[in-house]
$ cat data_39.pdb   # PDB, C-alpha atoms
ATOM      1  CA  MET Y 198       1.135  88.493 -86.566
ATOM      2  CA  SER Y 199      -1.818  86.160 -86.155
ATOM      3  CA  LYS Y 200      -2.164  82.798 -87.795
ATOM      4  CA  PRO Y 201      -3.664  83.118 -91.308
ATOM      5  CA  PRO Y 202      -7.361  82.175 -91.415
ATOM      6  CA  GLU Y 203      -8.423  78.762 -92.656
ATOM      7  CA  PHE Y 204     -11.020  78.315 -95.392
ATOM      8  CA  PRO Y 205     -13.239  75.393 -96.360
ATOM      9  CA  ALA Y 206     -11.723  73.016 -98.891
ATOM     10  CA  ALA Y 207     -13.477  72.573-102.201
ATOM     11  CA  PRO Y 208     -15.511  69.380-102.638
ATOM     12  CA  GLY Y 209     -13.233  66.448-103.375
ATOM     13  CA  GLU Y 210     -10.162  68.127-101.842
ATOM     14  CA  PRO Y 211      -8.483  66.916 -98.637
ATOM     15  CA  GLY Y 212     -10.256  68.419 -95.659
ATOM     16  CA  ALA Y 213     -13.530  68.957 -97.502
ATOM     17  CA  GLY Y 214     -16.388  69.434 -95.053
ATOM     18  CA  LYS Y 215     -14.134  70.911 -92.379
ATOM     19  CA  VAL Y 216     -15.620  74.020 -90.743
ATOM     20  CA  ALA Y 217     -13.276  76.960 -91.172
ATOM     21  CA  ALA Y 218     -12.373  79.287 -88.337
ATOM     22  CA  ALA Y 219     -13.897  82.723 -88.797
ATOM     23  CA  PRO Y 220     -11.217  85.308 -89.576
ATOM     24  CA  THR Y 221     -10.550  87.744 -86.757
ATOM     25  CA  ALA Y 222      -9.821  91.472 -86.873
ATOM     26  CA  ALA Y 223      -6.120  90.600 -86.537
ATOM     27  CA  ASP Y 224      -6.354  88.411 -89.646
ATOM     28  CA  TYR Y 225      -7.854  91.253 -91.662
ATOM     29  CA  TYR Y 226      -5.396  93.812 -90.319
ATOM     30  CA  ALA Y 227      -2.500  91.519 -91.254
ATOM     31  CA  VAL Y 228      -3.301  91.964 -94.971
ATOM     32  CA  ASN Y 229      -3.776  95.737 -94.910
ATOM     33  CA  ARG Y 230      -1.962  97.824 -97.527
ATOM     34  CA  GLY Y 231      -0.667 100.445 -95.104
ATOM     35  CA  GLY Y 232      -1.231 104.074 -96.019
ATOM     36  CA  GLY Y 233       0.997 105.709 -93.442
ATOM     37  CA  LEU Y 234       1.501 105.944 -89.701
ATOM     38  CA  PHE Y 235      -1.954 107.346 -88.890
ATOM     39  CA  SER Y 236      -3.804 105.103 -91.322
ATOM     40  CA  GLU Y 237      -2.111 101.985 -89.976
ATOM     41  CA  ALA Y 238      -2.737 102.968 -86.359
ATOM     42  CA  VAL Y 239      -6.357 104.082 -86.770
ATOM     43  CA  SER Y 240      -8.068 103.639 -90.147
ATOM     44  CA  GLN Y 241      -6.838 100.132 -90.958
ATOM     45  CA  HIS Y 242      -7.772  98.887 -87.466
ATOM     46  CA  ILE Y 243     -11.297 100.275 -87.814
ATOM     47  CA  GLY Y 244     -11.450  98.779 -91.299
ATOM     48  CA  ALA Y 245     -10.498  95.359 -89.918
ATOM     49  CA  ARG Y 246     -13.385  95.446 -87.465
ATOM     50  CA  ILE Y 247     -15.770  96.501 -90.213
ATOM     51  CA  ALA Y 248     -14.506  93.559 -92.295
ATOM     52  CA  VAL Y 249     -15.242  91.146 -89.414
ATOM     53  CA  GLY Y 250     -18.838  92.374 -89.191
ATOM     54  CA  ALA Y 251     -19.288  92.349 -92.963
ATOM     55  CA  ASN Y 252     -18.021  88.779 -93.272
ATOM     56  CA  LYS Y 253     -20.365  87.583 -90.520
ATOM     57  CA  ARG Y 254     -23.301  89.109 -92.387
ATOM     58  CA  GLY Y 255     -22.226  87.863 -95.822
ATOM     59  CA  ILE Y 256     -21.625  91.376 -97.169
ATOM     60  CA  ALA Y 257     -19.481  91.479-100.307
ATOM     61  CA  PRO Y 258     -16.340  93.653-100.479
ATOM     62  CA  SER Y 259     -17.854  95.760-103.261
ATOM     63  CA  VAL Y 260     -20.755  96.693-100.970
ATOM     64  CA  LEU Y 261     -18.216  98.201 -98.560
ATOM     65  CA  THR Y 262     -16.668 100.064-101.496
ATOM     66  CA  VAL Y 263     -20.034 101.585-102.367
ATOM     67  CA  MET Y 264     -20.625 102.467 -98.709
ATOM     68  CA  ASN Y 265     -17.372 104.434 -98.796
ATOM     69  CA  LEU Y 266     -18.689 106.253-101.876
ATOM     70  CA  GLY Y 267     -22.102 107.027-100.396
ATOM     71  CA  LEU Y 268     -20.910 108.141 -96.979
ATOM     72  CA  GLY Y 269     -17.931 110.134 -98.240
ATOM     73  CA  CYS Y 270     -19.990 112.048-100.809
ATOM     74  CA  LEU Y 271     -22.870 112.612 -98.370
ATOM     75  CA  VAL Y 272     -20.561 114.149 -95.769
ATOM     76  CA  SER Y 273     -18.954 116.378 -98.405
ATOM     77  CA  PHE Y 274     -22.410 117.516 -99.556
ATOM     78  CA  VAL Y 275     -23.280 118.513 -95.978
ATOM     79  CA  VAL Y 276     -20.059 120.544 -95.715
ATOM     80  CA  ILE Y 277     -20.733 122.256 -99.065
ATOM     81  CA  ALA Y 278     -24.361 123.057 -98.149
ATOM     82  CA  ALA Y 279     -23.286 124.478 -94.785
ATOM     83  CA  ALA Y 280     -20.319 126.501 -96.084
ATOM     84  CA  GLY Y 281     -22.281 129.706 -96.583
ATOM     85  CA  PRO Y 282     -24.351 129.525 -93.377
ATOM     86  CA  VAL Y 283     -21.230 128.746 -91.321
ATOM     87  CA  ALA Y 284     -19.381 131.710 -92.850
ATOM     88  CA  ASP Y 285     -22.371 133.995 -92.121
ATOM     89  CA  GLY Y 286     -22.616 132.807 -88.536
ATOM     90  CA  ARG Y 287     -26.086 131.286 -89.035
ATOM     91  CA  VAL Y 288     -24.787 127.784 -88.283
ATOM     92  CA  TRP Y 289     -22.175 126.789 -85.709
ATOM     93  CA  ALA Y 290     -18.978 125.554 -87.281
ATOM     94  CA  TRP Y 291     -18.127 122.791 -84.835
ATOM     95  CA  PRO Y 292     -21.076 120.426 -85.556
ATOM     96  CA  ILE Y 293     -20.353 120.604 -89.294
ATOM     97  CA  GLY Y 294     -16.658 120.051 -88.656
ATOM     98  CA  LEU Y 295     -17.421 117.110 -86.389
ATOM     99  CA  ILE Y 296     -19.607 115.536 -89.075
ATOM    100  CA  ALA Y 297     -16.737 115.974 -91.531
ATOM    101  CA  LEU Y 298     -14.105 114.596 -89.147
ATOM    102  CA  VAL Y 299     -16.073 111.480 -88.183
ATOM    103  CA  GLY Y 300     -17.804 110.928 -91.526
ATOM    104  CA  TRP Y 301     -14.704 111.173 -93.714
ATOM    105  CA  GLN Y 302     -12.758 108.934 -91.334
ATOM    106  CA  LEU Y 303     -15.510 106.318 -91.327
ATOM    107  CA  ALA Y 304     -15.765 106.444 -95.128
ATOM    108  CA  TYR Y 305     -12.006 105.884 -95.337
ATOM    109  CA  ALA Y 306     -12.314 102.967 -92.903
ATOM    110  CA  PHE Y 307     -14.838 101.382 -95.302
ATOM    111  CA  ASP Y 308     -12.297 101.960 -98.074
ATOM    112  CA  CYS Y 309      -9.692 100.111 -95.995
ATOM    113  CA  SER Y 310     -12.078  97.292 -95.091
ATOM    114  CA  ASP Y 311     -13.128  96.355 -98.622
ATOM    115  CA  GLY Y 312      -9.604  95.367 -99.637
ATOM    116  CA  GLN Y 313      -8.976  93.532 -96.378
ATOM    117  CA  LEU Y 314     -12.188  91.540 -96.759
ATOM    118  CA  ALA Y 315     -11.483  90.749-100.409
ATOM    119  CA  ARG Y 316      -7.942  89.519 -99.732
ATOM    120  CA  VAL Y 317      -8.745  87.395 -96.677
ATOM    121  CA  THR Y 318     -11.800  85.757 -98.263
ATOM    122  CA  HIS Y 319     -10.111  85.381-101.684
ATOM    123  CA  ARG Y 320     -12.739  87.548-103.396
ATOM    124  CA  THR Y 321     -10.406  89.929-105.197
ATOM    125  CA  SER Y 322     -11.180  90.737-108.828
ATOM    126  CA  SER Y 323     -10.151  93.227-111.488
ATOM    127  CA  ALA Y 324     -13.719  94.573-111.596
ATOM    128  CA  GLY Y 325     -13.681  95.110-107.849
ATOM    129  CA  GLY Y 326     -10.344  96.864-108.101
ATOM    130  CA  ARG Y 327     -11.673  99.221-110.780
ATOM    131  CA  LEU Y 328     -14.762  99.963-108.701
ATOM    132  CA  ASP Y 329     -12.573 100.746-105.698
ATOM    133  CA  VAL Y 330     -10.435 103.223-107.660
ATOM    134  CA  LEU Y 331     -13.459 104.927-109.247
ATOM    135  CA  CYS Y 332     -15.192 105.297-105.879
ATOM    136  CA  ASP Y 333     -11.993 106.691-104.349
ATOM    137  CA  VAL Y 334     -11.811 109.281-107.137
ATOM    138  CA  ALA Y 335     -15.454 110.285-106.625
ATOM    139  CA  VAL Y 336     -15.068 110.617-102.851
ATOM    140  CA  GLN Y 337     -11.919 112.683-103.143
ATOM    141  CA  ILE Y 338     -13.484 114.971-105.765
ATOM    142  CA  SER Y 339     -16.321 115.579-103.305
ATOM    143  CA  LEU Y 340     -13.863 116.210-100.459
ATOM    144  CA  VAL Y 341     -11.822 118.688-102.519
ATOM    145  CA  SER Y 342     -15.055 120.430-103.534
ATOM    146  CA  ALA Y 343     -16.138 120.691 -99.895
ATOM    147  CA  LEU Y 344     -12.840 122.235 -98.806
ATOM    148  CA  ALA Y 345     -12.814 124.620-101.776
ATOM    149  CA  ALA Y 346     -16.408 125.707-101.056
ATOM    150  CA  THR Y 347     -15.546 126.350 -97.412
ATOM    151  CA  ALA Y 348     -12.439 128.353 -98.275
ATOM    152  CA  LYS Y 349     -14.370 130.486-100.792
ATOM    153  CA  ALA Y 350     -17.235 131.085 -98.358
ATOM    154  CA  GLN Y 351     -14.875 132.066 -95.559
ATOM    155  CA  VAL Y 352     -12.567 134.246 -97.698
ATOM    156  CA  SER Y 353     -14.524 135.628-100.633
ATOM    157  CA  ASP Y 354     -11.434 136.787-102.506
ATOM    158  CA  THR Y 355      -9.794 133.340-102.444
ATOM    159  CA  PRO Y 356      -7.928 133.141-105.798
ATOM    160  CA  ALA Y 357      -9.529 130.866-108.363
ATOM    161  CA  TRP Y 358      -6.094 129.693-109.453
ATOM    162  CA  LEU Y 359      -5.377 128.452-105.926
ATOM    163  CA  LEU Y 360      -8.555 126.361-105.840
ATOM    164  CA  ALA Y 361      -7.774 124.986-109.301
ATOM    165  CA  ALA Y 362      -4.185 124.168-108.326
ATOM    166  CA  PHE Y 363      -5.389 122.503-105.115
ATOM    167  CA  ALA Y 364      -7.855 120.311-107.002
ATOM    168  CA  GLY Y 365      -5.389 119.473-109.756
ATOM    169  CA  THR Y 366      -2.439 118.538-107.555
ATOM    170  CA  TRP Y 367      -4.678 116.580-105.164
ATOM    171  CA  MET Y 368      -6.167 114.445-107.928
ATOM    172  CA  VAL Y 369      -2.892 113.970-109.821
ATOM    173  CA  ASN Y 370      -1.325 112.678-106.649
ATOM    174  CA  LEU Y 371      -4.236 110.292-106.175
ATOM    175  CA  VAL Y 372      -3.301 108.888-109.582
ATOM    176  CA  THR Y 373       0.347 108.498-108.558
ATOM    177  CA  SER Y 374      -0.762 106.697-105.409
ATOM    178  CA  VAL Y 375      -2.779 104.229-107.493
ATOM    179  CA  MET Y 376       0.213 103.707-109.794
ATOM    180  CA  GLN Y 377       2.452 102.973-106.816
ATOM    181  CA  GLY Y 378       0.150 100.173-105.726
ATOM    182  CA  GLY Y 379       0.741  97.988-108.770
ATOM    183  CA  GLU Y 380       3.493  95.654-109.863
ATOM    184  CA  GLN Y 381       5.738  98.606-110.700
ATOM    185  CA  ALA Y 382       5.389 100.044-107.182
ATOM    186  CA  ALA Y 383       8.395 101.908-105.887
ATOM    187  CA  SER Y 384       9.040 104.282-103.034
ATOM    188  CA  MET Y 385      11.332 107.288-103.164
ATOM    189  CA  VAL Y 386      12.093 106.933 -99.444
ATOM    190  CA  THR Y 387      12.061 103.353 -98.173
ATOM    191  CA  SER Y 388      13.132 104.027 -94.586
ATOM    192  CA  ARG Y 389      10.514 103.200 -91.918
ATOM    193  CA  SER Y 390      12.247 105.070 -89.122
ATOM    194  CA  MET Y 391       9.917 107.084 -86.905
ATOM    195  CA  PRO Y 392      11.209 110.535 -87.990
ATOM    196  CA  ILE Y 393      10.661 109.612 -91.655
ATOM    197  CA  ARG Y 394       7.206 108.200 -90.949
ATOM    198  CA  LEU Y 395       6.252 111.377 -89.089
ATOM    199  CA  VAL Y 396       7.333 113.483 -92.054
ATOM    200  CA  LYS Y 397       5.305 111.219 -94.347
ATOM    201  CA  LEU Y 398       2.130 112.068 -92.417
ATOM    202  CA  VAL Y 399       1.616 114.869 -94.953
ATOM    203  CA  ARG Y 400       1.065 112.074 -97.496
ATOM    204  CA  ASP Y 401      -1.082 109.927 -95.164
ATOM    205  CA  TYR Y 402      -4.691 110.268 -96.358
ATOM    206  CA  GLY Y 403      -6.128 109.345 -92.965
ATOM    207  CA  ALA Y 404      -4.036 111.998 -91.225
ATOM    208  CA  VAL Y 405      -4.790 114.632 -93.877
ATOM    209  CA  ILE Y 406      -8.571 114.256 -93.670
ATOM    210  CA  ALA Y 407      -8.326 114.217 -89.868
ATOM    211  CA  LEU Y 408      -6.520 117.560 -90.028
ATOM    212  CA  ALA Y 409      -9.124 118.875 -92.477
ATOM    213  CA  GLY Y 410     -11.911 117.905 -90.087
ATOM    214  CA  LEU Y 411     -10.150 119.577 -87.155
ATOM    215  CA  VAL Y 412      -9.715 122.788 -89.157
ATOM    216  CA  LEU Y 413     -13.433 122.787 -89.969
ATOM    217  CA  ILE Y 414     -14.256 122.303 -86.269
ATOM    218  CA  VAL Y 415     -11.876 124.834 -84.746
ATOM    219  CA  ALA Y 416     -11.325 127.528 -87.373
ATOM    220  CA  PRO Y 417     -12.950 127.062 -90.799
ATOM    221  CA  GLN Y 418     -11.456 130.412 -91.828
ATOM    222  CA  TRP Y 419      -8.096 128.627 -91.858
ATOM    223  CA  THR Y 420      -9.269 126.322 -94.657
ATOM    224  CA  ILE Y 421      -7.553 128.578 -97.197
ATOM    225  CA  TRP Y 422      -4.230 127.962 -95.411
ATOM    226  CA  PHE Y 423      -4.915 124.221 -95.407
ATOM    227  CA  ILE Y 424      -5.520 124.404 -99.146
ATOM    228  CA  GLY Y 425      -2.361 126.438 -99.709
ATOM    229  CA  LEU Y 426      -0.245 124.063 -97.622
ATOM    230  CA  PHE Y 427      -1.388 120.898 -99.364
ATOM    231  CA  THR Y 428      -1.196 122.479-102.797
ATOM    232  CA  CYS Y 429       2.507 123.043-102.098
ATOM    233  CA  VAL Y 430       2.989 119.577-100.545
ATOM    234  CA  ASN Y 431       1.240 117.731-103.372
ATOM    235  CA  ALA Y 432       2.928 119.797-106.075
ATOM    236  CA  ALA Y 433       6.340 119.092-104.542
ATOM    237  CA  PHE Y 434       5.563 115.384-104.299
ATOM    238  CA  LEU Y 435       4.384 115.327-107.904
ATOM    239  CA  ALA Y 436       7.560 117.032-109.098
ATOM    240  CA  ALA Y 437       9.728 114.650-107.067
ATOM    241  CA  SER Y 438       7.784 111.672-108.456
ATOM    242  CA  VAL Y 439       8.392 112.843-112.017
ATOM    243  CA  VAL Y 440      12.137 113.169-111.359
ATOM    244  CA  PHE Y 441      12.259 109.784-109.604
ATOM    245  CA  ALA Y 442      10.354 108.063-112.420
ATOM    246  CA  ALA Y 443      12.484 109.778-115.098
ATOM    247  CA  ARG Y 444      15.743 108.621-113.492
ATOM    248  CA  ALA Y 445      14.406 105.079-113.241
ATOM    249  CA  ALA Y 446      13.288 105.141-116.873
ATOM    250  CA  LEU Y 447      16.658 106.396-118.062
ATOM    251  CA  ARG Y 448      18.415 103.532-116.249
ATOM    252  CA  ASP Y 449      16.310 100.922-118.098
TER     253      ASP Y 449
END
$ encode --input "data_39.pdb" --output "structure tokens"
Amino acid sequence: MSKPPEFPAAPGEPGAGKVAAAPTAADYYAVNRGGGLFSEAVSQHIGARIAVGANKRGIAPSVLTVMNLGLGCLVSFVVIAAAGPVADGRVWAWPIGLIALVGWQLAYAFDCSDGQLARVTHRTSSAGGRLDVLCDVAVQISLVSALAATAKAQVSDTPAWLLAAFAGTWMVNLVTSVMQGGEQAASMVTSRSMPIRLVKLVRDYGAVIALAGLVLIVAPQWTIWFIGLFTCVNAAFLAASVVFAARAALRD
């Protein structure tokens, strides 16, 4: 791990007037909040480089948060608008899928970078934290809507209950993820062995949206199977979380 970055001392403090070393990508990556094997290997590294550029240009962490919101929702809108034409064969699937793959990943990298920048530059705040959560919710609503629109366009008799269950379990699990990031954070499986981390890829947001983008590129007609799979995964995780939390509460 790299040496923590230095910061200018306040006037009157020892070392005041000393020029601080600019934080490097390694410094930003060192304070990342994880997210899973894929997110740590890809998304958090990209986020660290975005944080370096933002700091050099004096961009505030909340600006990166809003960039995540704008880009994520814009990409989802493109996927929704193209769902019908792709299903009818009027538009090739792979360019739309590529936009989704790259755009959603870049939006998530902005989401990673805002926290890194805030922590390294000591610009964290409760207001910034609330903005981050609200923007995450908005982006993920747009993403779920894009996948649901694609599934419905590709398979016209896609059950409404499946789309509703997909949206509900996805968003409820976003809430549980936020809850696990606070002071009461707890993990049901604490092992960091490679087999366990590979299994946990189904809960790694970076990996999940990468898979979604690949499905949209290669075979958008499989989107309904993607939705079915992650409805089951998220529902199972939600049920396990309830049991885990209930056992912990009963022990208190």
$ atom_distance --input "data_39.pdb" --atom1 "atom CA of Y:Ser310" --atom2 "atom CA of Y:Gly269"
14.5 Å
$ closest_residue --input "data_39.pdb" --among "Y:Tyr225, Y:Phe423, Y:Phe441, Y:Trp301" --to "Y:Thr318" --atoms "all atoms listed in the file"
Y:Tyr225
$ atom_distance --input "data_39.pdb" --atom1 "atom CA of Y:Val260" --atom2 "atom CA of Y:Ala345"
29.0 Å
$ residues_around --input "data_39.pdb" --residues "stretch 428-433 of chain Y" --least-positions-apart "2" --cutoff "12 Å" --atoms "all atoms listed in the file" --output "count of residues only"
39
$ residues_around --input "data_39.pdb" --residues "Y:Ala348" --least-positions-apart "4" --cutoff "12 Å" --atoms "all atoms listed in the file" --output "number ranges by chain"
Y: 276-277, 280-281, 283-284, 341-344, 352-357, 359-360, 363, 409, 412-413, 416-425
$ atom_distance --input "data_39.pdb" --atom1 "atom CA of Y:Ala218" --atom2 "atom CA of Y:Lys253"
11.7 Å
$ closest_residue --input "data_39.pdb" --among "Y:Ala443, Y:Met391, Y:Ser339, Y:Leu314" --to "Y:Asn252" --atoms "only C-alpha atoms"
Y:Leu314
$ resolve_selection --input "data_39.pdb" --expression "the PyMOL selection byres ((chain Y and resi 243) around 9)" --output "ChimeraX atom specification"
/Y:222,239-242,244-248,303,306-307,309-310
$ write_last_selection --input "data_39.pdb" --atoms "C-alpha atoms" --output "compact mmCIF listing (two decimals), in the frame of the given file"
# COMPACT_ATOMS: atom_id res chain seq x y z
CA ALA Y 222 -9.82 91.47 -86.87
CA VAL Y 239 -6.36 104.08 -86.77
CA SER Y 240 -8.07 103.64 -90.15
CA GLN Y 241 -6.84 100.13 -90.96
CA HIS Y 242 -7.77 98.89 -87.47
CA GLY Y 244 -11.45 98.78 -91.30
CA ALA Y 245 -10.50 95.36 -89.92
CA ARG Y 246 -13.38 95.45 -87.46
CA ILE Y 247 -15.77 96.50 -90.21
CA ALA Y 248 -14.51 93.56 -92.30
CA LEU Y 303 -15.51 106.32 -91.33
CA ALA Y 306 -12.31 102.97 -92.90
CA PHE Y 307 -14.84 101.38 -95.30
CA CYS Y 309 -9.69 100.11 -96.00
CA SER Y 310 -12.08 97.29 -95.09
$ closest_residue --input "data_39.pdb" --among "Y:Ala238, Y:Ala315, Y:Leu295, Y:Leu268" --to "Y:Ala251" --atoms "all atoms listed in the file"
Y:Ala315
